[in-house]
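Structure file model_7.cif (mmCIF, N, CA and C atoms) is printed below.
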data_target
loop_
_atom_site.group_PDB
_atom_site.id
_atom_site.type_symbol
_atom_site.label_atom_id
_atom_site.label_comp_id
_atom_site.auth_asym_id
_atom_site.auth_seq_id
_atom_site.Cartn_x
_atom_site.Cartn_y
_atom_site.Cartn_z
ATOM 1 N N VAL A 1 -14.279 21.671 -13.071
ATOM 2 C CA VAL A 1 -14.001 22.510 -11.917
ATOM 3 C C VAL A 1 -13.198 21.727 -10.887
ATOM 4 N N ALA A 2 -13.605 20.484 -10.634
ATOM 5 C CA ALA A 2 -12.891 19.680 -9.645
ATOM 6 C C ALA A 2 -11.435 19.465 -10.048
ATOM 7 N N ALA A 3 -11.202 19.175 -11.314
ATOM 8 C CA ALA A 3 -9.833 18.947 -11.792
ATOM 9 C C ALA A 3 -8.983 20.197 -11.620
ATOM 10 N N GLU A 4 -9.552 21.350 -11.884
ATOM 11 C CA GLU A 4 -8.799 22.601 -11.725
ATOM 12 C C GLU A 4 -8.508 22.884 -10.258
ATOM 13 N N LEU A 5 -9.466 22.613 -9.373
ATOM 14 C CA LEU A 5 -9.225 22.791 -7.940
ATOM 15 C C LEU A 5 -8.084 21.893 -7.464
ATOM 16 N N VAL A 6 -8.095 20.652 -7.908
ATOM 17 C CA VAL A 6 -7.016 19.728 -7.539
ATOM 18 C C VAL A 6 -5.684 20.228 -8.097
ATOM 19 N N ARG A 7 -5.695 20.753 -9.302
ATOM 20 C CA ARG A 7 -4.452 21.233 -9.926
ATOM 21 C C ARG A 7 -3.808 22.373 -9.138
ATOM 22 N N ILE A 8 -4.609 23.253 -8.547
ATOM 23 C CA ILE A 8 -4.049 24.448 -7.894
ATOM 24 C C ILE A 8 -3.854 24.280 -6.383
ATOM 25 N N THR A 9 -4.140 23.094 -5.850
ATOM 26 C CA THR A 9 -3.929 22.852 -4.421
ATOM 27 C C THR A 9 -2.659 22.041 -4.213
ATOM 28 N N PRO A 10 -2.192 21.946 -2.967
ATOM 29 C CA PRO A 10 -0.998 21.139 -2.695
ATOM 30 C C PRO A 10 -1.169 19.705 -3.198
ATOM 31 N N PRO A 11 -0.080 19.054 -3.581
ATOM 32 C CA PRO A 11 -0.140 17.727 -4.205
ATOM 33 C C PRO A 11 -0.899 16.672 -3.407
ATOM 34 N N ASP A 12 -0.868 16.737 -2.089
ATOM 35 C CA ASP A 12 -1.547 15.719 -1.276
ATOM 36 C C ASP A 12 -3.068 15.865 -1.292
ATOM 37 N N LEU A 13 -3.577 16.994 -1.749
ATOM 38 C CA LEU A 13 -5.026 17.201 -1.800
ATOM 39 C C LEU A 13 -5.523 16.775 -3.178
ATOM 40 N N THR A 14 -6.125 15.595 -3.227
ATOM 41 C CA THR A 14 -6.511 15.015 -4.519
ATOM 42 C C THR A 14 -8.003 14.761 -4.654
ATOM 43 N N ARG A 15 -8.777 15.157 -3.662
ATOM 44 C CA ARG A 15 -10.221 14.914 -3.696
ATOM 45 C C ARG A 15 -10.979 16.224 -3.536
ATOM 46 N N VAL A 16 -12.161 16.288 -4.136
ATOM 47 C CA VAL A 16 -13.021 17.476 -4.059
ATOM 48 C C VAL A 16 -14.417 17.011 -3.679
ATOM 49 N N PHE A 17 -15.059 17.729 -2.806
ATOM 50 C CA PHE A 17 -16.439 17.434 -2.438
ATOM 51 C C PHE A 17 -17.262 18.692 -2.651
ATOM 52 N N PHE A 18 -18.326 18.578 -3.416
ATOM 53 C CA PHE A 18 -19.220 19.704 -3.649
ATOM 54 C C PHE A 18 -20.451 19.561 -2.766
ATOM 55 N N SER A 19 -20.938 20.687 -2.288
ATOM 56 C CA SER A 19 -22.118 20.689 -1.432
ATOM 57 C C SER A 19 -23.087 21.746 -1.921
ATOM 58 N N ASP A 20 -24.351 21.614 -1.527
ATOM 59 C CA ASP A 20 -25.364 22.559 -2.001
ATOM 60 C C ASP A 20 -25.527 23.780 -1.105
ATOM 61 N N SER A 21 -24.883 23.774 0.076
ATOM 62 C CA SER A 21 -24.974 24.950 0.950
ATOM 63 C C SER A 21 -23.845 24.913 1.972
ATOM 64 N N GLY A 22 -23.620 26.029 2.613
ATOM 65 C CA GLY A 22 -22.578 26.107 3.632
ATOM 66 C C GLY A 22 -22.851 25.217 4.824
ATOM 67 N N SER A 23 -24.107 25.219 5.295
ATOM 68 C CA SER A 23 -24.455 24.370 6.437
ATOM 69 C C SER A 23 -24.223 22.899 6.125
ATOM 70 N N THR A 24 -24.618 22.490 4.947
ATOM 71 C CA THR A 24 -24.416 21.101 4.547
ATOM 72 C C THR A 24 -22.931 20.786 4.439
ATOM 73 N N ALA A 25 -22.155 21.721 3.937
ATOM 74 C CA ALA A 25 -20.706 21.529 3.843
ATOM 75 C C ALA A 25 -20.098 21.330 5.226
ATOM 76 N N VAL A 26 -20.565 22.096 6.213
ATOM 77 C CA VAL A 26 -20.072 21.948 7.588
ATOM 78 C C VAL A 26 -20.447 20.576 8.129
ATOM 79 N N GLU A 27 -21.700 20.160 7.917
ATOM 80 C CA GLU A 27 -22.146 18.843 8.381
ATOM 81 C C GLU A 27 -21.264 17.741 7.791
ATOM 82 N N VAL A 28 -21.019 17.805 6.495
ATOM 83 C CA VAL A 28 -20.215 16.783 5.828
ATOM 84 C C VAL A 28 -18.775 16.832 6.322
ATOM 85 N N ALA A 29 -18.229 18.023 6.508
ATOM 86 C CA ALA A 29 -16.856 18.146 7.002
ATOM 87 C C ALA A 29 -16.718 17.517 8.390
ATOM 88 N N LEU A 30 -17.713 17.740 9.247
ATOM 89 C CA LEU A 30 -17.688 17.121 10.575
ATOM 90 C C LEU A 30 -17.712 15.598 10.463
ATOM 91 N N LYS A 31 -18.602 15.085 9.617
ATOM 92 C CA LYS A 31 -18.691 13.631 9.451
ATOM 93 C C LYS A 31 -17.403 13.071 8.860
ATOM 94 N N MET A 32 -16.836 13.771 7.895
ATOM 95 C CA MET A 32 -15.600 13.294 7.276
ATOM 96 C C MET A 32 -14.446 13.281 8.281
ATOM 97 N N ALA A 33 -14.343 14.337 9.086
ATOM 98 C CA ALA A 33 -13.258 14.411 10.066
ATOM 99 C C ALA A 33 -13.407 13.326 11.134
ATOM 100 N N LEU A 34 -14.600 13.202 11.690
ATOM 101 C CA LEU A 34 -14.821 12.183 12.716
ATOM 102 C C LEU A 34 -14.693 10.781 12.136
ATOM 103 N N GLY A 35 -15.183 10.579 10.910
ATOM 104 C CA GLY A 35 -15.056 9.285 10.248
ATOM 105 C C GLY A 35 -13.611 8.923 9.944
ATOM 106 N N TYR A 36 -12.811 9.922 9.587
ATOM 107 C CA TYR A 36 -11.394 9.681 9.316
ATOM 108 C C TYR A 36 -10.717 9.080 10.544
ATOM 109 N N TRP A 37 -10.908 9.736 11.696
ATOM 110 C CA TRP A 37 -10.255 9.263 12.917
ATOM 111 C C TRP A 37 -10.793 7.908 13.350
ATOM 112 N N LEU A 38 -12.076 7.672 13.153
ATOM 113 C CA LEU A 38 -12.650 6.366 13.466
ATOM 114 C C LEU A 38 -11.997 5.287 12.612
ATOM 115 N N ASN A 39 -11.826 5.553 11.315
ATOM 116 C CA ASN A 39 -11.199 4.583 10.412
ATOM 117 C C ASN A 39 -9.709 4.401 10.680
ATOM 118 N N GLN A 40 -9.089 5.384 11.322
ATOM 119 C CA GLN A 40 -7.685 5.257 11.705
ATOM 120 C C GLN A 40 -7.521 4.447 12.983
ATOM 121 N N GLY A 41 -8.645 4.108 13.625
ATOM 122 C CA GLY A 41 -8.594 3.355 14.873
ATOM 123 C C GLY A 41 -8.438 4.237 16.097
ATOM 124 N N THR A 42 -8.592 5.541 15.924
ATOM 125 C CA THR A 42 -8.478 6.493 17.021
ATOM 126 C C THR A 42 -9.703 7.395 17.016
ATOM 127 N N PRO A 43 -10.861 6.871 17.419
ATOM 128 C CA PRO A 43 -12.082 7.685 17.371
ATOM 129 C C PRO A 43 -11.934 8.973 18.176
ATOM 130 N N ARG A 44 -12.426 10.036 17.618
ATOM 131 C CA ARG A 44 -12.429 11.335 18.297
ATOM 132 C C ARG A 44 -13.866 11.709 18.607
ATOM 133 N N HIS A 45 -14.070 12.302 19.755
ATOM 134 C CA HIS A 45 -15.419 12.695 20.151
ATOM 135 C C HIS A 45 -15.488 14.155 20.569
ATOM 136 N N ARG A 46 -14.380 14.856 20.472
ATOM 137 C CA ARG A 46 -14.327 16.251 20.911
ATOM 138 C C ARG A 46 -13.888 17.114 19.743
ATOM 139 N N ILE A 47 -14.586 18.217 19.545
ATOM 140 C CA ILE A 47 -14.267 19.137 18.463
ATOM 141 C C ILE A 47 -13.964 20.496 19.071
ATOM 142 N N LEU A 48 -12.900 21.123 18.606
ATOM 143 C CA LEU A 48 -12.554 22.480 19.035
ATOM 144 C C LEU A 48 -12.986 23.461 17.964
ATOM 145 N N VAL A 49 -13.569 24.566 18.394
ATOM 146 C CA VAL A 49 -14.040 25.584 17.456
ATOM 147 C C VAL A 49 -13.587 26.959 17.929
ATOM 148 N N LEU A 50 -13.503 27.890 16.995
ATOM 149 C CA LEU A 50 -13.194 29.272 17.360
ATOM 150 C C LEU A 50 -14.418 29.922 17.977
ATOM 151 N N GLU A 51 -14.215 30.652 19.066
ATOM 152 C CA GLU A 51 -15.337 31.332 19.703
ATOM 153 C C GLU A 51 -15.939 32.376 18.755
ATOM 154 N N HIS A 52 -17.194 32.698 18.958
ATOM 155 C CA HIS A 52 -17.929 33.718 18.189
ATOM 156 C C HIS A 52 -18.089 33.359 16.717
ATOM 157 N N SER A 53 -18.088 32.072 16.401
ATOM 158 C CA SER A 53 -18.194 31.667 15.000
ATOM 159 C C SER A 53 -19.646 31.382 14.607
ATOM 160 N N TYR A 54 -19.889 31.380 13.318
ATOM 161 C CA TYR A 54 -21.194 31.022 12.773
ATOM 162 C C TYR A 54 -20.962 30.158 11.544
ATOM 163 N N HIS A 55 -21.648 29.012 11.500
ATOM 164 C CA HIS A 55 -21.455 28.093 10.386
ATOM 165 C C HIS A 55 -22.743 27.658 9.719
ATOM 166 N N GLY A 56 -23.885 28.083 10.236
ATOM 167 C CA GLY A 56 -25.139 27.715 9.612
ATOM 168 C C GLY A 56 -26.197 27.312 10.615
ATOM 169 N N ASP A 57 -27.313 26.806 10.089
ATOM 170 C CA ASP A 57 -28.484 26.530 10.914
ATOM 171 C C ASP A 57 -28.858 25.062 11.034
ATOM 172 N N THR A 58 -28.028 24.159 10.580
ATOM 173 C CA THR A 58 -28.295 22.746 10.830
ATOM 174 C C THR A 58 -27.789 22.419 12.235
ATOM 175 N N ILE A 59 -28.172 21.285 12.775
ATOM 176 C CA ILE A 59 -27.786 20.943 14.151
ATOM 177 C C ILE A 59 -26.263 20.892 14.301
ATOM 178 N N GLY A 60 -25.579 20.240 13.377
ATOM 179 C CA GLY A 60 -24.122 20.182 13.453
ATOM 180 C C GLY A 60 -23.487 21.552 13.320
ATOM 181 N N ALA A 61 -23.973 22.352 12.369
ATOM 182 C CA ALA A 61 -23.414 23.695 12.158
ATOM 183 C C ALA A 61 -23.669 24.587 13.370
ATOM 184 N N MET A 62 -24.861 24.477 13.961
ATOM 185 C CA MET A 62 -25.128 25.255 15.174
ATOM 186 C C MET A 62 -24.251 24.775 16.327
ATOM 187 N N SER A 63 -23.965 23.481 16.369
ATOM 188 C CA SER A 63 -23.134 22.931 17.444
ATOM 189 C C SER A 63 -21.732 23.519 17.434
ATOM 190 N N VAL A 64 -21.183 23.775 16.251
ATOM 191 C CA VAL A 64 -19.822 24.296 16.165
ATOM 192 C C VAL A 64 -19.792 25.812 16.052
ATOM 193 N N GLY A 65 -20.932 26.451 16.204
ATOM 194 C CA GLY A 65 -21.012 27.909 16.188
ATOM 195 C C GLY A 65 -21.234 28.467 17.584
ATOM 196 N N ALA A 66 -21.230 29.772 17.668
ATOM 197 C CA ALA A 66 -21.451 30.442 18.952
ATOM 198 C C ALA A 66 -22.852 30.132 19.470
ATOM 199 N N ARG A 67 -22.959 29.948 20.766
ATOM 200 C CA ARG A 67 -24.256 29.697 21.390
ATOM 201 C C ARG A 67 -24.874 31.026 21.776
ATOM 202 N N GLY A 68 -26.180 31.134 21.612
ATOM 203 C CA GLY A 68 -26.853 32.384 21.948
ATOM 204 C C GLY A 68 -28.346 32.299 21.747
ATOM 205 N N VAL A 69 -28.954 33.442 21.628
ATOM 206 C CA VAL A 69 -30.407 33.535 21.554
ATOM 207 C C VAL A 69 -30.984 32.806 20.347
ATOM 208 N N TYR A 70 -30.273 32.773 19.234
ATOM 209 C CA TYR A 70 -30.818 32.179 18.013
ATOM 210 C C TYR A 70 -30.800 30.656 18.011
ATOM 211 N N ASN A 71 -29.967 30.057 18.835
ATOM 212 C CA ASN A 71 -29.953 28.595 18.869
ATOM 213 C C ASN A 71 -30.237 28.032 20.263
ATOM 214 N N ARG A 72 -30.611 28.880 21.198
ATOM 215 C CA ARG A 72 -30.889 28.438 22.572
ATOM 216 C C ARG A 72 -31.983 27.370 22.621
ATOM 217 N N ALA A 73 -33.003 27.494 21.800
ATOM 218 C CA ALA A 73 -34.109 26.519 21.797
ATOM 219 C C ALA A 73 -33.635 25.119 21.406
ATOM 220 N N TYR A 74 -32.529 25.037 20.710
ATOM 221 C CA TYR A 74 -32.019 23.745 20.241
ATOM 222 C C TYR A 74 -30.883 23.211 21.107
ATOM 223 N N ALA A 75 -30.572 23.890 22.204
ATOM 224 C CA ALA A 75 -29.447 23.520 23.064
ATOM 225 C C ALA A 75 -29.417 22.034 23.432
ATOM 226 N N PRO A 76 -30.560 21.407 23.751
ATOM 227 C CA PRO A 76 -30.500 19.979 24.098
ATOM 228 C C PRO A 76 -30.044 19.086 22.934
ATOM 229 N N LEU A 77 -30.139 19.565 21.725
ATOM 230 C CA LEU A 77 -29.771 18.768 20.556
ATOM 231 C C LEU A 77 -28.321 18.984 20.123
ATOM 232 N N LEU A 78 -27.705 20.063 20.556
ATOM 233 C CA LEU A 78 -26.359 20.414 20.104
ATOM 234 C C LEU A 78 -25.318 19.593 20.837
ATOM 235 N N PHE A 79 -24.268 19.198 20.123
ATOM 236 C CA PHE A 79 -23.226 18.432 20.791
ATOM 237 C C PHE A 79 -22.201 19.359 21.431
ATOM 238 N N ASP A 80 -21.516 18.811 22.409
ATOM 239 C CA ASP A 80 -20.552 19.569 23.199
ATOM 240 C C ASP A 80 -19.282 19.814 22.380
ATOM 241 N N VAL A 81 -18.807 21.040 22.387
ATOM 242 C CA VAL A 81 -17.564 21.395 21.707
ATOM 243 C C VAL A 81 -16.709 22.225 22.650
ATOM 244 N N GLY A 82 -15.426 22.212 22.402
ATOM 245 C CA GLY A 82 -14.510 23.091 23.129
ATOM 246 C C GLY A 82 -14.270 24.334 22.301
ATOM 247 N N THR A 83 -14.138 25.473 22.947
ATOM 248 C CA THR A 83 -13.892 26.703 22.201
ATOM 249 C C THR A 83 -12.491 27.224 22.498
ATOM 250 N N ILE A 84 -11.917 27.814 21.485
ATOM 251 C CA ILE A 84 -10.625 28.479 21.640
ATOM 252 C C ILE A 84 -10.791 29.915 21.190
ATOM 253 N N ALA A 85 -10.004 30.792 21.780
ATOM 254 C CA ALA A 85 -10.117 32.224 21.484
ATOM 255 C C ALA A 85 -9.760 32.509 20.033
ATOM 256 N N PHE A 86 -10.507 33.426 19.452
ATOM 257 C CA PHE A 86 -10.225 33.879 18.095
ATOM 258 C C PHE A 86 -8.949 34.717 18.132
ATOM 259 N N PRO A 87 -7.970 34.444 17.284
ATOM 260 C CA PRO A 87 -6.716 35.208 17.318
ATOM 261 C C PRO A 87 -6.926 36.660 16.885
ATOM 262 N N HIS A 88 -6.267 37.542 17.538
ATOM 263 C CA HIS A 88 -6.380 38.972 17.209
ATOM 264 C C HIS A 88 -5.178 39.411 16.401
#
Would you put the structure from the file into structure tokens?
Amino acid sequence: VAAELVRITPPDLTRVFFSDSGSTAVEVALKMALGYWLNQGTPRHRILVLEHSYHGDTIGAMSVGARGVYNRAYAPLLFDVGTIAFPH
């Protein structure tokens, strides 16, 4: 499956990561993105997300999703993100 995914994607995309759930995939994507910039010598600490989004129920996934009644209890644990308007 991984070889076929690599075959049908643009040539620069040569790696595949499998995850057991969407929330876990979001967590790993966040770590990979932040780790990439750290390894480039330009650490990033701010993430932009589309408003009204939902990515799962882990702390990282809730952090990059819309804030509301379902995650209000975890607000002190969520990291700060910037939101941009969803394109219409």
Problem set entry | Nearby residues (only C-alpha atoms) at most 9 Å from segment 22-35 of chain A, same-chain spacing under 2 positions excluded, as a PyMOL selection string | chain A and resi 17-20+37-40+43-45+47+55-62+64
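Closest to Glu4 of chain A among A:Val49, A:Val16, A:Phe79, A:Gly68 is A:Val16, based on only C-alpha atoms.
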Exercise. If you run DSSP on this backbone, which residues of chain A come out as strand (DSSP E or B), and could you give them as a ChimeraX atom specification?
Worked result: /A:48-50,82-84
For this session: May I have the residues within 8 Å of Leu5 of chain A as an MDAnalysis selection string, using only N, CA and C atoms and disregarding those fewer than 4 positions away in the same chain?
Result: chainID A and resid 1 9:10 13:16
Problem set entry | Coordinates-based distance that separates atom CA of Val81 of chain A from atom CA of Gly65 of chain A (Å, one decimal) | 9.2 Å
Taking all atoms of segment 27-41 of chain A that the file lists, what box with edges along x, y and z, padded by 4 Å per side, do you get, with centre and edge lengths in Å to one decimal, as lines of an AutoDock Vina configuration file?
center_x = -14.8
center_y = 11.8
center_z = 11.0
size_x = 22.6
size_y = 24.8
size_z = 18.3
Exercise. So which one's closest to Arg46 of chain A, A:Thr83, A:Val6, A:Pro76, A:Asn71? Using only C-alpha atoms, please.
Worked result: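 Among A:Thr83, A:Val6, A:Pro76, A:Asn71, it is A:Thr83 that comes nearest to Arg46 of chain A.
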Problem set entry | One-decimal distance in Å that lies between atom CA of Pro87 of chain A and atom CA of Arg72 of chain A | 25.6 Å
Residues at most 6.5 Å from Glu51 of chain A, counting all atoms listed in the file, excluding those fewer than 6 positions away in the same chain, as a compact mmCIF listing (two decimals) with N, CA and C atoms, keeping the file's coordinate frame?
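Output contents, as saved in part25.txt:
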# COMPACT_ATOMS: atom_id res chain seq x y z
N ALA A 66 -21.23 29.77 17.67
CA ALA A 66 -21.45 30.44 18.95
C ALA A 66 -22.85 30.13 19.47
N THR A 83 -14.14 25.47 22.95
CA THR A 83 -13.89 26.70 22.20
C THR A 83 -12.49 27.22 22.50
N ILE A 84 -11.92 27.81 21.48
CA ILE A 84 -10.62 28.48 21.64
C ILE A 84 -10.79 29.92 21.19
N ALA A 85 -10.00 30.79 21.78
CA ALA A 85 -10.12 32.22 21.48
C ALA A 85 -9.76 32.51 20.03
N PHE A 86 -10.51 33.43 19.45
CA PHE A 86 -10.22 33.88 18.10
C PHE A 86 -8.95 34.72 18.13
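DSSP on the backbone gives helix (DSSP H, G or I) for these parts of segment 5-46 of chain A: Leu5, Val6, Arg7, Ile8, Gly22, Ser23, Thr24, Ala25, Val26, Glu27, Val28, Ala29, Leu30, Lys31, Met32, Ala33, Leu34, Gly35, Tyr36, Trp37, Leu38 and Asn39 of chain A.
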Same residues, N, CA and C atoms, output as a PDB file, keeping the file's coordinate frame:
ATOM      1  N   LEU A   5      -9.466  22.613  -9.373  1.00  0.00           N
ATOM      2  CA  LEU A   5      -9.225  22.791  -7.940  1.00  0.00           C
ATOM      3  C   LEU A   5      -8.084  21.893  -7.464  1.00  0.00           C
ATOM      4  N   VAL A   6      -8.095  20.652  -7.908  1.00  0.00           N
ATOM      5  CA  VAL A   6      -7.016  19.728  -7.539  1.00  0.00           C
ATOM      6  C   VAL A   6      -5.684  20.228  -8.097  1.00  0.00           C
ATOM      7  N   ARG A   7      -5.695  20.753  -9.302  1.00  0.00           N
ATOM      8  CA  ARG A   7      -4.452  21.233  -9.926  1.00  0.00           C
ATOM      9  C   ARG A   7      -3.808  22.373  -9.138  1.00  0.00           C
ATOM     10  N   ILE A   8      -4.609  23.253  -8.547  1.00  0.00           N
ATOM     11  CA  ILE A   8      -4.049  24.448  -7.894  1.00  0.00           C
ATOM     12  C   ILE A   8      -3.854  24.280  -6.383  1.00  0.00           C
ATOM     13  N   GLY A  22     -23.620  26.029   2.613  1.00  0.00           N
ATOM     14  CA  GLY A  22     -22.578  26.107   3.632  1.00  0.00           C
ATOM     15  C   GLY A  22     -22.851  25.217   4.824  1.00  0.00           C
ATOM     16  N   SER A  23     -24.107  25.219   5.295  1.00  0.00           N
ATOM     17  CA  SER A  23     -24.455  24.370   6.437  1.00  0.00           C
ATOM     18  C   SER A  23     -24.223  22.899   6.125  1.00  0.00           C
ATOM     19  N   THR A  24     -24.618  22.490   4.947  1.00  0.00           N
ATOM     20  CA  THR A  24     -24.416  21.101   4.547  1.00  0.00           C
ATOM     21  C   THR A  24     -22.931  20.786   4.439  1.00  0.00           C
ATOM     22  N   ALA A  25     -22.155  21.721   3.937  1.00  0.00           N
ATOM     23  CA  ALA A  25     -20.706  21.529   3.843  1.00  0.00           C
ATOM     24  C   ALA A  25     -20.098  21.330   5.226  1.00  0.00           C
ATOM     25  N   VAL A  26     -20.565  22.096   6.213  1.00  0.00           N
ATOM     26  CA  VAL A  26     -20.072  21.948   7.588  1.00  0.00           C
ATOM     27  C   VAL A  26     -20.447  20.576   8.129  1.00  0.00           C
ATOM     28  N   GLU A  27     -21.700  20.160   7.917  1.00  0.00           N
ATOM     29  CA  GLU A  27     -22.146  18.843   8.381  1.00  0.00           C
ATOM     30  C   GLU A  27     -21.264  17.741   7.791  1.00  0.00           C
ATOM     31  N   VAL A  28     -21.019  17.805   6.495  1.00  0.00           N
ATOM     32  CA  VAL A  28     -20.215  16.783   5.828  1.00  0.00           C
ATOM     33  C   VAL A  28     -18.775  16.832   6.322  1.00  0.00           C
ATOM     34  N   ALA A  29     -18.229  18.023   6.508  1.00  0.00           N
ATOM     35  CA  ALA A  29     -16.856  18.146   7.002  1.00  0.00           C
ATOM     36  C   ALA A  29     -16.718  17.517   8.390  1.00  0.00           C
ATOM     37  N   LEU A  30     -17.713  17.740   9.247  1.00  0.00           N
ATOM     38  CA  LEU A  30     -17.688  17.121  10.575  1.00  0.00           C
ATOM     39  C   LEU A  30     -17.712  15.598  10.463  1.00  0.00           C
ATOM     40  N   LYS A  31     -18.602  15.085   9.617  1.00  0.00           N
ATOM     41  CA  LYS A  31     -18.691  13.631   9.451  1.00  0.00           C
ATOM     42  C   LYS A  31     -17.403  13.071   8.860  1.00  0.00           C
ATOM     43  N   MET A  32     -16.836  13.771   7.895  1.00  0.00           N
ATOM     44  CA  MET A  32     -15.600  13.294   7.276  1.00  0.00           C
ATOM     45  C   MET A  32     -14.446  13.281   8.281  1.00  0.00           C
ATOM     46  N   ALA A  33     -14.343  14.337   9.086  1.00  0.00           N
ATOM     47  CA  ALA A  33     -13.258  14.411  10.066  1.00  0.00           C
ATOM     48  C   ALA A  33     -13.407  13.326  11.134  1.00  0.00           C
ATOM     49  N   LEU A  34     -14.600  13.202  11.690  1.00  0.00           N
ATOM     50  CA  LEU A  34     -14.821  12.183  12.716  1.00  0.00           C
ATOM     51  C   LEU A  34     -14.693  10.781  12.136  1.00  0.00           C
ATOM     52  N   GLY A  35     -15.183  10.579  10.910  1.00  0.00           N
ATOM     53  CA  GLY A  35     -15.056   9.285  10.248  1.00  0.00           C
ATOM     54  C   GLY A  35     -13.611   8.923   9.944  1.00  0.00           C
ATOM     55  N   TYR A  36     -12.811   9.922   9.587  1.00  0.00           N
ATOM     56  CA  TYR A  36     -11.394   9.681   9.316  1.00  0.00           C
ATOM     57  C   TYR A  36     -10.717   9.080  10.544  1.00  0.00           C
ATOM     58  N   TRP A  37     -10.908   9.736  11.696  1.00  0.00           N
ATOM     59  CA  TRP A  37     -10.255   9.263  12.917  1.00  0.00           C
ATOM     60  C   TRP A  37     -10.793   7.908  13.350  1.00  0.00           C
ATOM     61  N   LEU A  38     -12.076   7.672  13.153  1.00  0.00           N
ATOM     62  CA  LEU A  38     -12.650   6.366  13.466  1.00  0.00           C
ATOM     63  C   LEU A  38     -11.997   5.287  12.612  1.00  0.00           C
ATOM     64  N   ASN A  39     -11.826   5.553  11.315  1.00  0.00           N
ATOM     65  CA  ASN A  39     -11.199   4.583  10.412  1.00  0.00           C
ATOM     66  C   ASN A  39      -9.709   4.401  10.680  1.00  0.00           C
TER      67      ASN A  39
END
Problem set entry | Between atom CA of Asp12 of chain A and atom N of Leu50 of chain A - distance in Å to one decimal |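 Result for atom N of Leu50 of chain A versus atom CA of Asp12 of chain A: 25.0 Å, one decimal.
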